[in-house]
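Okay, protein.cif is below, mmCIF, C-alpha atoms:
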data_final
loop_
_atom_site.label_atom_id
_atom_site.label_comp_id
_atom_site.auth_asym_id
_atom_site.auth_seq_id
_atom_site.Cartn_x
_atom_site.Cartn_y
_atom_site.Cartn_z
CA MET A 196 21.36 -23.50 -55.42
CA PRO A 197 23.13 -21.90 -58.36
CA ARG A 198 26.90 -21.63 -58.54
CA ASP A 199 28.49 -18.66 -56.80
CA GLU A 200 30.00 -17.37 -60.03
CA SER A 201 26.56 -17.41 -61.70
CA LEU A 202 25.06 -15.51 -58.80
CA ALA A 203 27.87 -12.98 -58.98
CA LYS A 204 27.40 -12.55 -62.73
CA VAL A 205 23.65 -12.00 -62.39
CA ARG A 206 24.09 -9.60 -59.48
CA LYS A 207 26.59 -7.59 -61.50
CA PHE A 208 24.25 -7.50 -64.49
CA VAL A 209 21.32 -6.34 -62.33
CA GLN A 210 23.43 -3.68 -60.66
CA THR A 211 24.72 -2.42 -64.01
CA TYR A 212 21.28 -2.37 -65.58
CA VAL A 213 19.74 -0.43 -62.71
CA ALA A 214 22.67 1.99 -62.71
CA LYS A 215 21.65 3.06 -66.20
CA GLY A 216 18.76 4.77 -64.45
CA LYS A 217 15.72 3.98 -66.56
CA TYR A 218 14.37 1.47 -64.02
CA THR A 219 15.06 0.53 -60.45
CA LEU A 220 14.59 -2.67 -58.46
CA TYR A 221 11.20 -3.98 -57.43
CA PRO A 222 10.68 -2.72 -53.87
CA SER A 223 11.04 -6.04 -52.05
CA ASP A 224 14.47 -7.47 -51.26
CA GLU A 225 12.95 -10.92 -50.90
CA ILE A 226 11.33 -10.83 -54.33
CA VAL A 227 14.44 -9.41 -56.00
CA GLU A 228 16.72 -11.98 -54.41
CA ASN A 229 14.41 -14.78 -55.48
CA VAL A 230 14.48 -13.59 -59.10
CA ILE A 231 18.28 -13.27 -59.00
CA VAL A 232 18.55 -16.85 -57.76
CA GLY A 233 16.12 -17.99 -60.47
CA LEU A 234 18.09 -16.21 -63.20
CA SER A 235 21.33 -17.70 -61.88
CA GLN A 236 19.83 -21.18 -61.77
CA ASN A 237 18.68 -20.84 -65.37
CA LEU A 238 22.13 -19.61 -66.34
CA ASP A 239 23.59 -22.76 -64.77
CA ASP A 240 21.00 -25.16 -66.14
CA HIS A 241 20.28 -23.65 -69.55
CA GLY A 242 23.20 -21.38 -70.37
CA LYS A 243 21.27 -18.11 -70.40
CA MET A 244 19.53 -15.84 -67.91
CA TYR A 245 16.06 -16.95 -68.90
CA CYS A 246 13.26 -15.27 -66.96
CA PRO A 247 12.30 -17.55 -64.06
CA CYS A 248 8.69 -16.41 -64.38
CA ALA A 249 8.26 -18.07 -67.77
CA PRO A 250 8.22 -21.78 -68.65
CA ILE A 251 11.74 -22.67 -69.78
CA ASP A 252 10.67 -24.57 -72.91
CA GLU A 253 8.60 -21.61 -74.05
CA SER A 254 11.49 -19.25 -73.37
CA LYS A 255 13.95 -21.36 -75.34
CA ALA A 256 11.52 -21.48 -78.26
CA ARG A 257 11.52 -17.66 -78.32
CA GLY A 258 15.27 -17.34 -78.75
CA ASN A 259 16.64 -14.46 -76.70
CA GLU A 260 13.31 -12.71 -76.17
CA MET A 261 12.96 -14.11 -72.64
CA VAL A 262 16.57 -13.65 -71.59
CA CYS A 263 16.87 -10.95 -68.95
CA PRO A 264 16.39 -8.09 -69.62
CA CYS A 265 13.61 -9.67 -71.68
CA THR A 266 11.93 -8.07 -74.68
CA PRO A 267 8.53 -7.63 -72.97
CA HIS A 268 9.87 -5.96 -69.83
CA HIS A 269 9.51 -2.43 -71.19
CA ALA A 270 5.84 -2.99 -72.03
CA ASP A 271 5.23 -4.80 -68.73
CA ILE A 272 6.72 -1.95 -66.72
CA ALA A 273 4.78 0.62 -68.76
CA ARG A 274 1.53 -1.28 -68.08
CA GLN A 275 1.85 -2.30 -64.43
CA GLY A 276 4.93 -0.61 -63.04
CA TYR A 277 7.15 -3.72 -62.81
CA CYS A 278 8.34 -6.50 -65.08
CA ASP A 279 6.54 -9.83 -64.97
CA CYS A 280 9.24 -11.39 -62.81
CA ALA A 281 9.12 -8.36 -60.48
CA LEU A 282 12.84 -7.69 -60.76
CA PHE A 283 12.79 -4.25 -62.40
CA ALA A 284 10.26 -1.51 -61.72
CA SER A 285 9.62 2.07 -62.69
CA HIS A 286 10.66 4.84 -60.33
CA ASP A 287 7.04 6.03 -60.22
CA PHE A 288 5.81 2.60 -59.13
CA VAL A 289 8.37 2.36 -56.35
CA ALA A 290 7.47 5.83 -55.11
CA ALA A 291 3.76 4.93 -55.14
CA GLU A 292 4.46 1.72 -53.22
CA ARG A 293 6.37 3.64 -50.56
CA LEU A 294 3.41 5.97 -50.12
CA ARG A 295 0.94 3.06 -50.03
CA LYS A 296 2.87 1.31 -47.27
CA LYS A 297 3.12 4.41 -45.04
CA MET B 277 -5.89 -6.49 -48.46
CA GLN B 278 -5.55 -5.99 -44.71
CA ILE B 279 -5.71 -8.83 -42.22
CA GLY B 280 -9.26 -8.86 -40.86
CA SER B 281 -10.80 -7.65 -44.13
CA ALA B 282 -13.84 -9.41 -45.54
CA CYS B 283 -13.49 -11.77 -48.46
CA PRO B 284 -14.78 -10.11 -51.62
CA ASP B 285 -17.76 -11.90 -53.10
CA PHE B 286 -17.32 -13.51 -56.48
CA ASP B 287 -19.36 -15.21 -59.12
CA LEU B 288 -16.99 -17.04 -61.41
CA PRO B 289 -17.08 -19.96 -63.82
CA GLY B 290 -15.13 -23.06 -62.86
CA THR B 291 -13.43 -25.85 -64.73
CA ASP B 292 -16.17 -28.12 -63.43
CA GLY B 293 -18.75 -26.30 -65.58
CA ALA B 294 -20.43 -24.69 -62.57
CA THR B 295 -20.46 -21.11 -61.39
CA HIS B 296 -19.06 -20.57 -57.91
CA SER B 297 -19.68 -17.73 -55.49
CA LEU B 298 -18.70 -17.09 -51.92
CA THR B 299 -21.93 -18.73 -50.78
CA SER B 300 -20.92 -21.90 -52.62
CA PHE B 301 -18.45 -22.39 -49.78
CA ALA B 302 -20.87 -21.54 -46.97
CA ALA B 303 -20.35 -24.89 -45.28
CA ALA B 304 -16.60 -24.43 -45.02
CA GLU B 305 -15.11 -23.50 -41.66
CA ILE B 306 -12.07 -22.07 -43.41
CA LEU B 307 -11.73 -20.94 -47.00
CA VAL B 308 -8.37 -20.86 -48.76
CA VAL B 309 -8.34 -18.70 -51.88
CA ILE B 310 -5.29 -19.09 -54.08
CA VAL B 311 -4.68 -16.67 -56.91
CA SER B 312 -3.15 -19.02 -59.41
CA CYS B 313 -2.77 -19.74 -63.12
CA ASN B 314 -1.54 -22.31 -65.63
CA HIS B 315 1.44 -20.51 -67.07
CA CYS B 316 3.66 -19.70 -64.11
CA PRO B 317 6.55 -22.06 -63.26
CA TYR B 318 6.16 -21.19 -59.56
CA VAL B 319 2.56 -22.38 -59.65
CA VAL B 320 3.58 -25.55 -61.45
CA ALA B 321 6.13 -26.18 -58.71
CA TYR B 322 3.45 -25.79 -56.06
CA GLU B 323 0.52 -27.65 -57.65
CA GLU B 324 1.31 -31.00 -56.04
CA ARG B 325 1.66 -29.34 -52.63
CA ILE B 326 -1.61 -27.45 -53.07
CA VAL B 327 -3.51 -30.62 -53.95
CA ALA B 328 -1.93 -32.43 -50.99
CA LEU B 329 -2.88 -29.63 -48.59
CA SER B 330 -6.42 -29.49 -49.93
CA ARG B 331 -6.80 -33.23 -49.38
CA ALA B 332 -5.16 -33.18 -45.96
CA TYR B 333 -7.43 -30.46 -44.59
CA ALA B 334 -10.72 -31.36 -46.28
CA ALA B 335 -11.91 -33.41 -43.31
CA LYS B 336 -11.16 -30.46 -41.02
CA GLY B 337 -13.64 -28.18 -42.74
CA VAL B 338 -11.12 -26.41 -44.93
CA ARG B 339 -12.02 -25.75 -48.57
CA PHE B 340 -9.67 -24.57 -51.25
CA VAL B 341 -10.50 -22.55 -54.37
CA ALA B 342 -8.05 -21.40 -57.03
CA ILE B 343 -8.70 -18.32 -59.16
CA ASN B 344 -6.95 -17.57 -62.44
CA ALA B 345 -7.16 -13.93 -63.54
CA ASN B 346 -4.32 -13.86 -66.07
CA ASP B 347 -4.89 -11.98 -69.31
CA VAL B 348 -5.64 -14.69 -71.87
CA ALA B 349 -4.95 -12.36 -74.79
CA ARG B 350 -1.27 -12.39 -73.84
CA TYR B 351 -1.28 -15.82 -72.20
CA PRO B 352 -3.64 -18.18 -74.06
CA ASP B 353 -2.46 -21.07 -71.87
CA ASP B 354 -4.51 -19.49 -69.08
CA ALA B 355 -7.82 -19.72 -70.97
CA MET B 356 -10.60 -21.95 -69.65
CA PRO B 357 -10.02 -24.92 -72.01
CA GLU B 358 -6.41 -25.14 -70.82
CA MET B 359 -7.53 -24.68 -67.22
CA ILE B 360 -9.92 -27.62 -67.61
CA ARG B 361 -7.10 -29.74 -68.95
CA ARG B 362 -4.78 -28.67 -66.12
CA ALA B 363 -7.33 -29.34 -63.40
CA LYS B 364 -7.91 -32.83 -64.75
CA ASP B 365 -4.24 -33.64 -65.35
CA ARG B 366 -3.16 -32.50 -61.89
CA GLY B 367 -6.14 -33.95 -60.05
CA PHE B 368 -7.45 -30.72 -58.59
CA ASP B 369 -10.06 -31.63 -55.98
CA PHE B 370 -11.05 -27.98 -55.54
CA PRO B 371 -12.79 -25.51 -57.86
CA TYR B 372 -10.51 -23.76 -60.33
CA LEU B 373 -12.19 -20.53 -61.40
CA ARG B 374 -11.67 -18.08 -64.23
CA ASP B 375 -11.66 -14.37 -63.32
CA ASP B 376 -11.82 -12.79 -66.78
CA SER B 377 -12.64 -9.32 -65.48
CA GLN B 378 -9.71 -9.54 -63.03
CA GLN B 379 -11.99 -7.83 -60.49
CA ILE B 380 -11.59 -10.47 -57.79
CA ALA B 381 -7.82 -10.61 -58.12
CA ARG B 382 -7.76 -6.82 -57.86
CA ALA B 383 -10.16 -6.83 -54.88
CA LEU B 384 -7.89 -9.29 -53.12
CA GLY B 385 -4.91 -7.08 -53.92
CA ALA B 386 -3.09 -10.00 -55.49
CA ARG B 387 0.16 -9.38 -57.27
CA PHE B 388 1.71 -12.82 -57.68
CA THR B 389 0.85 -16.40 -58.51
CA PRO B 390 0.52 -18.33 -56.34
CA GLU B 391 -0.69 -15.94 -53.65
CA VAL B 392 -2.71 -17.32 -50.76
CA TYR B 393 -5.58 -15.83 -48.75
CA VAL B 394 -7.03 -17.72 -45.79
CA PHE B 395 -10.46 -16.68 -44.51
CA ASP B 396 -12.06 -17.84 -41.27
CA ARG B 397 -15.69 -18.83 -40.63
CA ALA B 398 -16.74 -15.18 -40.73
CA ARG B 399 -14.79 -14.88 -43.98
CA LYS B 400 -12.33 -12.46 -42.48
CA LEU B 401 -8.75 -12.61 -43.75
CA ARG B 402 -6.49 -14.39 -41.25
CA TYR B 403 -3.44 -15.25 -43.36
CA HIS B 404 -2.04 -13.82 -46.57
CA GLY B 405 1.10 -14.66 -48.49
CA ARG B 406 3.11 -17.67 -49.53
CA ILE B 407 2.46 -21.39 -49.23
CA ASP B 408 5.90 -22.09 -47.79
CA ASP B 409 9.44 -20.80 -48.00
CA ASN B 410 10.84 -22.94 -50.82
CA HIS B 411 9.12 -23.20 -54.17
CA ARG B 412 12.13 -24.88 -55.72
CA ASP B 413 12.29 -27.93 -53.45
CA ALA B 414 9.43 -29.18 -51.32
CA ARG B 415 11.81 -31.36 -49.32
CA ALA B 416 13.86 -28.32 -48.31
CA VAL B 417 10.96 -26.32 -46.90
CA LYS B 418 11.69 -24.94 -43.45
CA SER B 419 8.64 -22.77 -42.91
CA HIS B 420 5.26 -24.31 -43.77
CA ASP B 421 3.39 -21.03 -43.54
CA LEU B 422 0.03 -22.01 -45.00
CA ARG B 423 -0.02 -25.27 -43.06
CA ALA B 424 0.81 -23.43 -39.83
CA ALA B 425 -1.99 -20.93 -40.43
CA LEU B 426 -4.49 -23.69 -41.13
CA ASP B 427 -3.40 -25.73 -38.09
CA ALA B 428 -3.89 -22.70 -35.87
CA LEU B 429 -7.30 -21.81 -37.29
CA VAL B 430 -8.52 -25.40 -37.14
CA ALA B 431 -7.44 -25.44 -33.48
CA GLY B 432 -9.35 -22.23 -32.84
CA THR B 433 -6.31 -20.03 -32.36
CA SER B 434 -4.61 -17.33 -34.42
CA PRO B 435 -2.01 -18.06 -37.10
CA PRO B 436 1.51 -17.64 -35.71
CA VAL B 437 2.35 -15.47 -38.71
CA THR B 438 -0.40 -13.61 -40.52
CA GLU B 439 1.48 -12.17 -43.46
CA THR B 440 4.37 -13.37 -45.59
CA GLN B 441 5.68 -12.23 -48.94
CA ALA B 442 4.19 -14.27 -51.78
CA VAL B 443 6.85 -15.18 -54.31
CA GLY B 444 5.98 -16.06 -57.88
CA CYS B 445 5.10 -14.68 -61.28
CA SER B 446 3.15 -11.48 -61.47
CA VAL B 447 -0.54 -11.66 -62.18
CA LYS B 448 -0.82 -10.92 -65.89
CA TRP B 449 -2.89 -7.74 -65.87
CA ARG B 450 -4.57 -6.45 -68.99
#

As structure tokens, please, write out the structure in this file.
Amino acid sequence: MPRDESLAKVRKFVQTYVAKGKYTLYPSDEIVENVIVGLSQNLDDHGKMYCPCAPIDESKARGNEMVCPCTPHHADIARQGYCDCALFASHDFVAAERLRKK
Amino acid sequence: MQIGSACPDFDLPGTDGATHSLTSFAAAEILVVIVSCNHCPYVVAYEERIVALSRAYAAKGVRFVAINANDVARYPDDAMPEMIRRAKDRGFDFPYLRDDSQQIARALGARFTPEVYVFDRARKLRYHGRIDDNHRDARAVKSHDLRAALDALVAGTSPPVTETQAVGCSVKWR
């Protein structure tokens, strides 16, 4: 498990990013928590919040592109409604998911 | 995909050079379909466990098939040549199929890799979700969800849990 201070740092970042309002969280607490733990673990192990859904060597080779919030996340959310790690999602996607699950 | 739904038919090329359809698995009592890929670290973490499960349940009439639908334009590592290499390197003893159109992954309603679908003899969905509850450490797994579902179905009963949340990378849609 990642260090508590890493978890706290990632949680604060996620909260701050979502508060900006452009995106919200993917509509599954389990998925979101898993990504937060993965980001925190990468922060501990590799010094940066590399996306846990990408191979770490590939991410490191791309500089900061795959550090959360990663460069592709805007395009990913525009295409499918959520980023590839399923941490951030569009408000429209979350609303559609709520309707789908009713 | 709802529990009880029929398995969508498919006709997909495999790393073994053959084309596989649902009827290719007609002899199987239980069919495990795993939406998978090469690129995802979660899949990599699970590959050894998937191969072990496939081997452990083969004699019980359970067949596994993995399907990779990731967009190869964005993720070239998920193209067939790399899939062939991966299947050989990791000793896959089950077909590993390429879903270029992404139609099967969409029909299954898959969103993550790996995401598991277990179909019974009538090819009705009986379990959907994760393999177990700890992708990071196989030794720390507390809930062996796929194994529990297979044990129940092999014994002729219903899985104790029919749906769990698959955790992994998103399927790379075009």

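Taking CA of Pro247 in chain A and CA of His411 in chain B as endpoints, the distance between them is 11.8 Å.
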
9 Å contacts from chain A to chain B using all atoms listed in the file, as a list of chain:residue names =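 Per the criterion, chain A yields A:Ser223, A:Glu225, A:Ile226, A:Asn229, A:Val230, A:Pro247, A:Cys248, A:Ala249, A:Pro250, A:Ile251, A:Arg274, A:Gln275, A:Tyr277, A:Cys278, A:Asp279, A:Cys280, A:Ala281.
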
Distance of CA of Arg362 in chain B from CA of Phe286 in chain B, expressed in Å to one decimal place |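 One can read the CA of Phe286 in chain B to CA of Arg362 in chain B distance as 21.9 Å.
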
Applied to the shown file, which residues does the PyMOL selection byres ((chain A and resi 202-215) around 8) return, written as a list in words?
->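 Output from the PyMOL selection byres ((chain A and resi 202-215) around 8), applied to this file: Pro197, Arg198, Asp199, Glu200, Ser201, Gly216, Lys217, Tyr218, Thr219, Leu220, Ile231, Val232, Leu234, Ser235, Met244 and Phe283 of chain A.
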
Output of the PyMOL selection byres ((chain B and resi 373) around 9), listed as a list in words |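 For this structure, the PyMOL selection byres ((chain B and resi 373) around 9) resolves to Leu288, Pro289, Gly290, Thr291, Asp292, Thr295, His296, Val341, Ala342, Ile343, Asn344, Ala345, Met356, Met359, Pro371, Tyr372, Arg374 and Asp375 of chain B.
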
Result set, the PyMOL selection byres ((chain B and resi 422-438) around 10) on current file, as JSON, numbers by chain = {"B": [279, 305, 306, 307, 308, 326, 329, 332, 333, 336, 337, 338, 392, 393, 394, 395, 396, 397, 401, 402, 403, 404, 405, 406, 407, 408, 409, 419, 420, 421, 439, 440]}

What gap, in Å, lies between CA of Ser285 in chain A and CA of Pro390 in chain B?
->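 So the answer is 23.2 Å.
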
Centre and edges of the range 288-296 of chain B box, axis-aligned, 5 Å extra per side, as AutoDock Vina command-line options:
--center_x -16.9 --center_y -22.6 --center_z -61.7 --size_x 17.0 --size_y 21.1 --size_z 17.7
